[in-house]
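J.: Sending over work-v6.cif (mmCIF, C-alpha atoms and all ligand atoms; chains and numbers go by the auth columns).
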```
data_upload
#
loop_
_atom_site.group_PDB
_atom_site.id
_atom_site.type_symbol
_atom_site.label_atom_id
_atom_site.label_comp_id
_atom_site.label_asym_id
_atom_site.label_seq_id
_atom_site.Cartn_x
_atom_site.Cartn_y
_atom_site.Cartn_z
_atom_site.B_iso_or_equiv
_atom_site.auth_seq_id
_atom_site.auth_asym_id
ATOM 1 C CA MET A 1 0.823 -10.232 111.680 0.00 1 I
ATOM 2 C CA LYS A 2 -1.336 -12.322 109.340 0.00 2 I
ATOM 3 C CA THR A 3 -5.092 -12.036 109.838 0.00 3 I
ATOM 4 C CA VAL A 4 -7.715 -14.693 109.260 0.00 4 I
ATOM 5 C CA TYR A 5 -11.338 -13.886 108.544 0.00 5 I
ATOM 6 C CA LEU A 6 -14.010 -15.848 110.428 0.00 6 I
ATOM 7 C CA LEU A 7 -17.210 -15.541 108.395 0.00 7 I
ATOM 8 C CA ASN A 8 -20.611 -16.819 109.486 0.00 8 I
ATOM 9 C CA GLY A 9 -23.757 -16.877 107.388 0.00 9 I
ATOM 10 C CA PRO A 10 -27.482 -16.681 108.048 0.00 10 I
ATOM 11 C CA ASN A 11 -29.058 -17.585 111.387 0.00 11 I
ATOM 12 C CA LEU A 12 -25.692 -18.139 113.060 0.00 12 I
ATOM 13 C CA ASN A 13 -26.291 -14.923 115.035 0.00 13 I
ATOM 14 C CA LEU A 14 -28.836 -17.064 116.922 0.00 14 I
ATOM 15 C CA LEU A 15 -26.231 -19.616 117.981 0.00 15 I
ATOM 16 C CA GLY A 16 -26.924 -20.789 121.526 0.00 16 I
ATOM 17 C CA LYS A 17 -30.645 -19.982 121.196 0.00 17 I
ATOM 18 C CA ARG A 18 -31.474 -21.697 117.897 0.00 18 I
ATOM 19 C CA GLN A 19 -32.103 -25.473 118.006 0.00 19 I
ATOM 20 C CA PRO A 20 -29.544 -26.041 120.795 0.00 20 I
ATOM 21 C CA GLU A 21 -30.067 -29.816 120.445 0.00 21 I
ATOM 22 C CA ILE A 22 -28.375 -29.461 117.024 0.00 22 I
ATOM 23 C CA TYR A 23 -26.097 -26.435 117.388 0.00 23 I
ATOM 24 C CA GLY A 24 -25.279 -26.448 121.118 0.00 24 I
ATOM 25 C CA HIS A 25 -25.454 -23.769 123.799 0.00 25 I
ATOM 26 C CA GLU A 26 -22.413 -21.682 122.951 0.00 26 I
ATOM 27 C CA THR A 27 -23.165 -18.262 121.468 0.00 27 I
ATOM 28 C CA LEU A 28 -21.450 -16.766 118.431 0.00 28 I
ATOM 29 C CA ALA A 29 -19.749 -14.281 120.786 0.00 29 I
ATOM 30 C CA ASP A 30 -18.316 -17.282 122.717 0.00 30 I
ATOM 31 C CA VAL A 31 -17.067 -18.804 119.448 0.00 31 I
ATOM 32 C CA VAL A 32 -15.466 -15.545 118.331 0.00 32 I
ATOM 33 C CA GLN A 33 -13.770 -15.153 121.687 0.00 33 I
ATOM 34 C CA SER A 34 -12.285 -18.655 121.731 0.00 34 I
ATOM 35 C CA CYS A 35 -11.203 -18.393 118.072 0.00 35 I
ATOM 36 C CA THR A 36 -9.528 -15.046 118.804 0.00 36 I
ATOM 37 C CA THR A 37 -7.642 -16.587 121.746 0.00 37 I
ATOM 38 C CA THR A 38 -6.596 -19.620 119.677 0.00 38 I
ATOM 39 C CA ALA A 39 -5.529 -17.480 116.710 0.00 39 I
ATOM 40 C CA SER A 40 -3.537 -15.151 118.908 0.00 40 I
ATOM 41 C CA ALA A 41 -1.711 -18.088 120.574 0.00 41 I
ATOM 42 C CA LEU A 42 -0.756 -19.192 117.052 0.00 42 I
ATOM 43 C CA GLY A 43 0.468 -15.715 116.079 0.00 43 I
ATOM 44 C CA LEU A 44 -2.564 -14.811 113.962 0.00 44 I
ATOM 45 C CA GLY A 45 -5.008 -11.923 114.118 0.00 45 I
ATOM 46 C CA LEU A 46 -8.700 -12.724 113.732 0.00 46 I
ATOM 47 C CA TYR A 47 -11.524 -10.631 112.318 0.00 47 I
ATOM 48 C CA ALA A 48 -15.063 -11.985 112.723 0.00 48 I
ATOM 49 C CA PHE A 49 -18.157 -11.123 110.689 0.00 49 I
ATOM 50 C CA GLN A 50 -21.677 -12.566 110.549 0.00 50 I
ATOM 51 C CA SER A 51 -24.480 -11.651 108.186 0.00 51 I
ATOM 52 C CA ASN A 52 -27.875 -12.952 107.187 0.00 52 I
ATOM 53 C CA HIS A 53 -27.376 -11.402 103.735 0.00 53 I
ATOM 54 C CA GLU A 54 -25.598 -13.189 100.900 0.00 54 I
ATOM 55 C CA GLY A 55 -24.265 -9.975 99.326 0.00 55 I
ATOM 56 C CA ALA A 56 -22.769 -8.772 102.610 0.00 56 I
ATOM 57 C CA ILE A 57 -20.847 -12.047 102.945 0.00 57 I
ATOM 58 C CA ILE A 58 -19.629 -11.725 99.352 0.00 58 I
ATOM 59 C CA ASP A 59 -18.472 -8.143 100.061 0.00 59 I
ATOM 60 C CA LYS A 60 -16.475 -9.415 103.065 0.00 60 I
ATOM 61 C CA ILE A 61 -14.844 -12.136 100.959 0.00 61 I
ATOM 62 C CA HIS A 62 -13.836 -9.420 98.469 0.00 62 I
ATOM 63 C CA GLU A 63 -12.413 -7.354 101.356 0.00 63 I
ATOM 64 C CA ALA A 64 -10.495 -10.430 102.512 0.00 64 I
ATOM 65 C CA ARG A 65 -8.617 -10.441 99.178 0.00 65 I
ATOM 66 C CA ASP A 66 -6.570 -7.508 100.490 0.00 66 I
ATOM 67 C CA LYS A 67 -6.807 -7.979 104.233 0.00 67 I
ATOM 68 C CA ALA A 68 -6.807 -11.696 105.079 0.00 68 I
ATOM 69 C CA ALA A 69 -4.312 -14.520 104.693 0.00 69 I
ATOM 70 C CA GLY A 70 -6.997 -17.201 105.093 0.00 70 I
ATOM 71 C CA ILE A 71 -10.719 -17.657 105.662 0.00 71 I
ATOM 72 C CA VAL A 72 -12.764 -19.850 108.012 0.00 72 I
ATOM 73 C CA ILE A 73 -16.351 -19.831 106.785 0.00 73 I
ATOM 74 C CA ASN A 74 -19.603 -21.341 107.948 0.00 74 I
ATOM 75 C CA PRO A 75 -21.939 -20.191 105.184 0.00 75 I
ATOM 76 C CA GLY A 76 -25.024 -21.627 106.940 0.00 76 I
ATOM 77 C CA ALA A 77 -27.773 -22.489 104.460 0.00 77 I
ATOM 78 C CA PHE A 78 -25.951 -20.569 101.690 0.00 78 I
ATOM 79 C CA THR A 79 -23.554 -23.546 101.673 0.00 79 I
ATOM 80 C CA HIS A 80 -26.159 -25.516 99.766 0.00 80 I
ATOM 81 C CA THR A 81 -27.407 -22.774 97.430 0.00 81 I
ATOM 82 C CA SER A 82 -24.819 -20.115 96.697 0.00 82 I
ATOM 83 C CA VAL A 83 -22.803 -20.256 93.508 0.00 83 I
ATOM 84 C CA ALA A 84 -22.087 -16.549 94.164 0.00 84 I
ATOM 85 C CA ILE A 85 -20.270 -17.280 97.445 0.00 85 I
ATOM 86 C CA LEU A 86 -18.301 -20.023 95.677 0.00 86 I
ATOM 87 C CA ASP A 87 -17.338 -17.539 92.939 0.00 87 I
ATOM 88 C CA ALA A 88 -16.235 -14.974 95.530 0.00 88 I
ATOM 89 C CA LEU A 89 -14.113 -17.582 97.341 0.00 89 I
ATOM 90 C CA ASN A 90 -12.574 -18.578 94.013 0.00 90 I
ATOM 91 C CA ALA A 91 -11.421 -14.947 93.702 0.00 91 I
ATOM 92 C CA PHE A 92 -9.638 -15.218 97.071 0.00 92 I
ATOM 93 C CA GLU A 93 -6.103 -16.594 96.918 0.00 93 I
ATOM 94 C CA GLY A 94 -5.450 -17.907 100.435 0.00 94 I
ATOM 95 C CA PRO A 95 -6.606 -21.127 102.095 0.00 95 I
ATOM 96 C CA VAL A 96 -10.282 -21.584 102.979 0.00 96 I
ATOM 97 C CA ILE A 97 -11.670 -23.945 105.626 0.00 97 I
ATOM 98 C CA GLU A 98 -15.413 -24.682 105.616 0.00 98 I
ATOM 99 C CA VAL A 99 -17.027 -25.379 108.983 0.00 99 I
ATOM 100 C CA HIS A 100 -20.389 -26.860 109.883 0.00 100 I
ATOM 101 C CA ILE A 101 -21.309 -27.216 113.524 0.00 101 I
ATOM 102 C CA SER A 102 -23.649 -30.121 112.805 0.00 102 I
ATOM 103 C CA ASN A 103 -22.881 -33.229 110.798 0.00 103 I
ATOM 104 C CA VAL A 104 -24.670 -32.135 107.631 0.00 104 I
ATOM 105 C CA HIS A 105 -24.257 -35.635 106.148 0.00 105 I
ATOM 106 C CA LYS A 106 -26.422 -37.117 108.878 0.00 106 I
ATOM 107 C CA ARG A 107 -29.225 -34.643 108.129 0.00 107 I
ATOM 108 C CA GLU A 108 -31.602 -33.909 105.216 0.00 108 I
ATOM 109 C CA THR A 109 -30.252 -34.745 101.763 0.00 109 I
ATOM 110 C CA PHE A 110 -30.429 -31.071 100.679 0.00 110 I
ATOM 111 C CA ARG A 111 -27.658 -30.416 103.236 0.00 111 I
ATOM 112 C CA HIS A 112 -25.348 -33.035 101.701 0.00 112 I
ATOM 113 C CA HIS A 113 -24.216 -30.867 98.813 0.00 113 I
ATOM 114 C CA SER A 114 -21.943 -27.877 99.362 0.00 114 I
ATOM 115 C CA TYR A 115 -20.883 -25.413 96.659 0.00 115 I
ATOM 116 C CA VAL A 116 -18.211 -24.085 99.034 0.00 116 I
ATOM 117 C CA SER A 117 -16.572 -27.528 99.294 0.00 117 I
ATOM 118 C CA LEU A 118 -15.550 -27.164 95.642 0.00 118 I
ATOM 119 C CA ARG A 119 -13.158 -24.444 96.856 0.00 119 I
ATOM 120 C CA ALA A 120 -12.284 -25.295 100.457 0.00 120 I
ATOM 121 C CA GLU A 121 -8.929 -26.812 101.399 0.00 121 I
ATOM 122 C CA GLY A 122 -10.701 -28.552 104.275 0.00 122 I
ATOM 123 C CA VAL A 123 -14.232 -29.249 105.472 0.00 123 I
ATOM 124 C CA ILE A 124 -15.148 -29.807 109.113 0.00 124 I
ATOM 125 C CA ALA A 125 -18.630 -31.020 110.046 0.00 125 I
ATOM 126 C CA GLY A 126 -20.177 -32.375 113.210 0.00 126 I
ATOM 127 C CA LEU A 127 -17.536 -31.327 115.752 0.00 127 I
ATOM 128 C CA GLY A 128 -19.857 -28.730 117.260 0.00 128 I
ATOM 129 C CA THR A 129 -18.364 -25.293 117.818 0.00 129 I
ATOM 130 C CA GLU A 130 -14.991 -27.015 118.432 0.00 130 I
ATOM 131 C CA GLY A 131 -14.836 -27.272 114.626 0.00 131 I
ATOM 132 C CA TYR A 132 -14.110 -23.542 114.385 0.00 132 I
ATOM 133 C CA LEU A 133 -11.030 -23.938 116.593 0.00 133 I
ATOM 134 C CA ALA A 134 -9.817 -26.907 114.534 0.00 134 I
ATOM 135 C CA ALA A 135 -10.235 -24.740 111.425 0.00 135 I
ATOM 136 C CA VAL A 136 -8.177 -21.880 112.911 0.00 136 I
ATOM 137 C CA ARG A 137 -5.444 -24.371 113.885 0.00 137 I
ATOM 138 C CA ARG A 138 -5.424 -25.839 110.383 0.00 138 I
ATOM 139 C CA LEU A 139 -5.180 -22.371 108.818 0.00 139 I
ATOM 140 C CA ALA A 140 -2.234 -21.585 111.088 0.00 140 I
ATOM 141 C CA MET A 141 -0.470 -24.712 109.795 0.00 141 I
ATOM 142 C CA LEU A 142 -1.239 -23.880 106.172 0.00 142 I
ATOM 143 C CA LEU A 143 -0.042 -20.297 106.603 0.00 143 I
ATOM 144 C CA ALA A 144 3.166 -21.137 108.507 0.00 144 I
HETATM 145 C C1 LIG B . -24.796 -25.337 109.294 0.00 201 I
HETATM 146 C C2 LIG B . -25.544 -26.446 108.512 0.00 201 I
HETATM 147 C C3 LIG B . -26.450 -25.834 107.464 0.00 201 I
HETATM 148 O O1 LIG B . -27.109 -26.861 106.738 0.00 201 I
HETATM 149 C C4 LIG B . -27.495 -24.956 108.127 0.00 201 I
HETATM 150 O O2 LIG B . -28.313 -24.350 107.151 0.00 201 I
HETATM 151 C C5 LIG B . -26.898 -23.950 109.041 0.00 201 I
HETATM 152 C C6 LIG B . -25.777 -24.331 109.885 0.00 201 I
HETATM 153 C C7 LIG B . -23.981 -25.922 110.467 0.00 201 I
HETATM 154 O O3 LIG B . -23.161 -25.172 110.997 0.00 201 I
HETATM 155 O O4 LIG B . -24.154 -27.080 110.856 0.00 201 I
HETATM 156 O O5 LIG B . -27.390 -22.826 109.156 0.00 201 I
HETATM 157 O O6 LIG B . -23.905 -24.681 108.413 0.00 201 I
#
```
So that I can check it, write out the structure of this file as C-alpha cells.

T.:
Amino acid sequence: MKTVYLLNGPNLNLLGKRQPEIYGHETLADVVQSCTTTASALGLGLYAFQSNHEGAIIDKIHEARDKAAGIVINPGAFTHTSVAILDALNAFEGPVIEVHISNVHKRETFRHHSYVSLRAEGVIAGLGTEGYLAAVRRLAMLLA
C-alpha cells in the first residue's frame, strides 16, 4: 500500500484553539482522523507529523524519500521563509500538495509569497481544513 505523509508546521498543533476566526474550530487530531479515513477509502496509508521546528520537518521530508509516495504539507509560517524546506522537497521525488487553511492571498503581503509553491504540484488555500482532504484526494489521483 502506498503511504502519503501529512506534514504540518509551526503553531498548527494549536489548531482549533488558535485564532479560530481564521483557522476554524477543528483540531489537528480531527484533521488527521478525517485525512486517514479519506486516504484509506482511496487505498492509501497516511502518516501524520507536526513540528514547530524547521529541522524536524526537513528530517521528515528526508524520511519520506524512502517511505512516502506523496506529501501533503502545510508548512505554516515556514512557507514564507524557508528555502531549506524547499530544498528538502526538491530532494523528494513524488508529488507534493501545499495546503493553507486560510486564504493567504487575502491576508498580509508577507503571506503572499511561498517558497514551497516553487515545488508543489498543487496549492490549496482558503478552503479551511477541507483543503487537507482535497489534497489527499488529489494525491490519490496523481498516484493512481
Ligand atoms: C497557514 C498560513 C500561514 O501564513 C500561517 O503562518 C500559518 C498557517 C494556513 O494554514 O493558512 O501558520 O499556513

J.: Identify which of the residues I:Leu133, I:Ile101, I:Val32, I:Ala84 lies closest to I:Glu54, counting only C-alpha atoms when measuring atom-to-atom distances.

T.: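 Closest to I:Glu54 of all the choices is I:Ala84.
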
J.: I'd like the neighbourhood of I:Glu130 as a PyMOL selection string, where a residue qualifies if any of its atoms comes within 10 Å (using all atoms listed in the file), though same-chain residues fewer than 6 positions away should be ignored.

T.: chain I and resi 31+34-35+99+101+124

J.: Quick one: which residues end up in the PyMOL selection byres (((chain I and resi 80) around 9) and not hetatm) for this structure, as a PyMOL selection string?

T.: chain I and resi 75-79+81-83+110-116

J.: Which residues come within 9 Å of I:Ala91, counting only C-alpha atoms, excluding same-chain residues fewer than 3 positions away, as a list in words?

T.: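 The neighbour list is Ile61, His62, Arg65, Leu86, Asp87 and Ala88 of chain I.
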
J.: Residues proximal to (-7.3, -13.7, 111.3) were defined as those with any atom within 8 Å of that point in the file's coordinates, counting all atoms listed in the file. Which are they, as an mmCIF file with C-alpha atoms, in the frame of the given file?

T.:
```cif
data_model
loop_
_atom_site.group_PDB
_atom_site.id
_atom_site.type_symbol
_atom_site.label_atom_id
_atom_site.label_comp_id
_atom_site.auth_asym_id
_atom_site.auth_seq_id
_atom_site.Cartn_x
_atom_site.Cartn_y
_atom_site.Cartn_z
ATOM 1 C CA LYS I 2 -1.336 -12.322 109.340
ATOM 2 C CA THR I 3 -5.092 -12.036 109.838
ATOM 3 C CA VAL I 4 -7.715 -14.693 109.260
ATOM 4 C CA TYR I 5 -11.338 -13.886 108.544
ATOM 5 C CA LEU I 6 -14.010 -15.848 110.428
ATOM 6 C CA THR I 36 -9.528 -15.046 118.804
ATOM 7 C CA ALA I 39 -5.529 -17.480 116.710
ATOM 8 C CA LEU I 44 -2.564 -14.811 113.962
ATOM 9 C CA GLY I 45 -5.008 -11.923 114.118
ATOM 10 C CA LEU I 46 -8.700 -12.724 113.732
ATOM 11 C CA TYR I 47 -11.524 -10.631 112.318
ATOM 12 C CA ALA I 68 -6.807 -11.696 105.079
ATOM 13 C CA ALA I 69 -4.312 -14.520 104.693
ATOM 14 C CA GLY I 70 -6.997 -17.201 105.093
ATOM 15 C CA ILE I 71 -10.719 -17.657 105.662
#
```

J.: Could you please determine the separation between atom C1 of ligand LIG 201 (chain I) and atom CA of I:Asn8 in Å, to one decimal place?

T.: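 Separation between atom C1 of ligand LIG 201 (chain I) and atom CA of I:Asn8: 9.5 Å.
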
J.: So which residues touch I:Arg119 within 10 Å, counting all atoms listed in the file, skipping near sequence neighbours fewer than 5 positions away, as a list in words?

T.: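 Once the nearby chain positions are removed, what remains is Leu86, Asp87, Leu89, Asn90, Phe92, Pro95, Val96, Ile97, Glu98 and Ser114 of chain I.
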
J.: Enter the distance from atom CA of I:Ser102 to atom C5 of ligand LIG 201 (chain I), in Å, rounded to one decimal.

T.: 7.9 Å

J.: If I take atom C1 of ligand LIG 201 (chain I) and atom CA of I:Gly55, how far is one from the other in Å, to one decimal?

T.: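 Here the two named atoms are 18.3 Å from each other.
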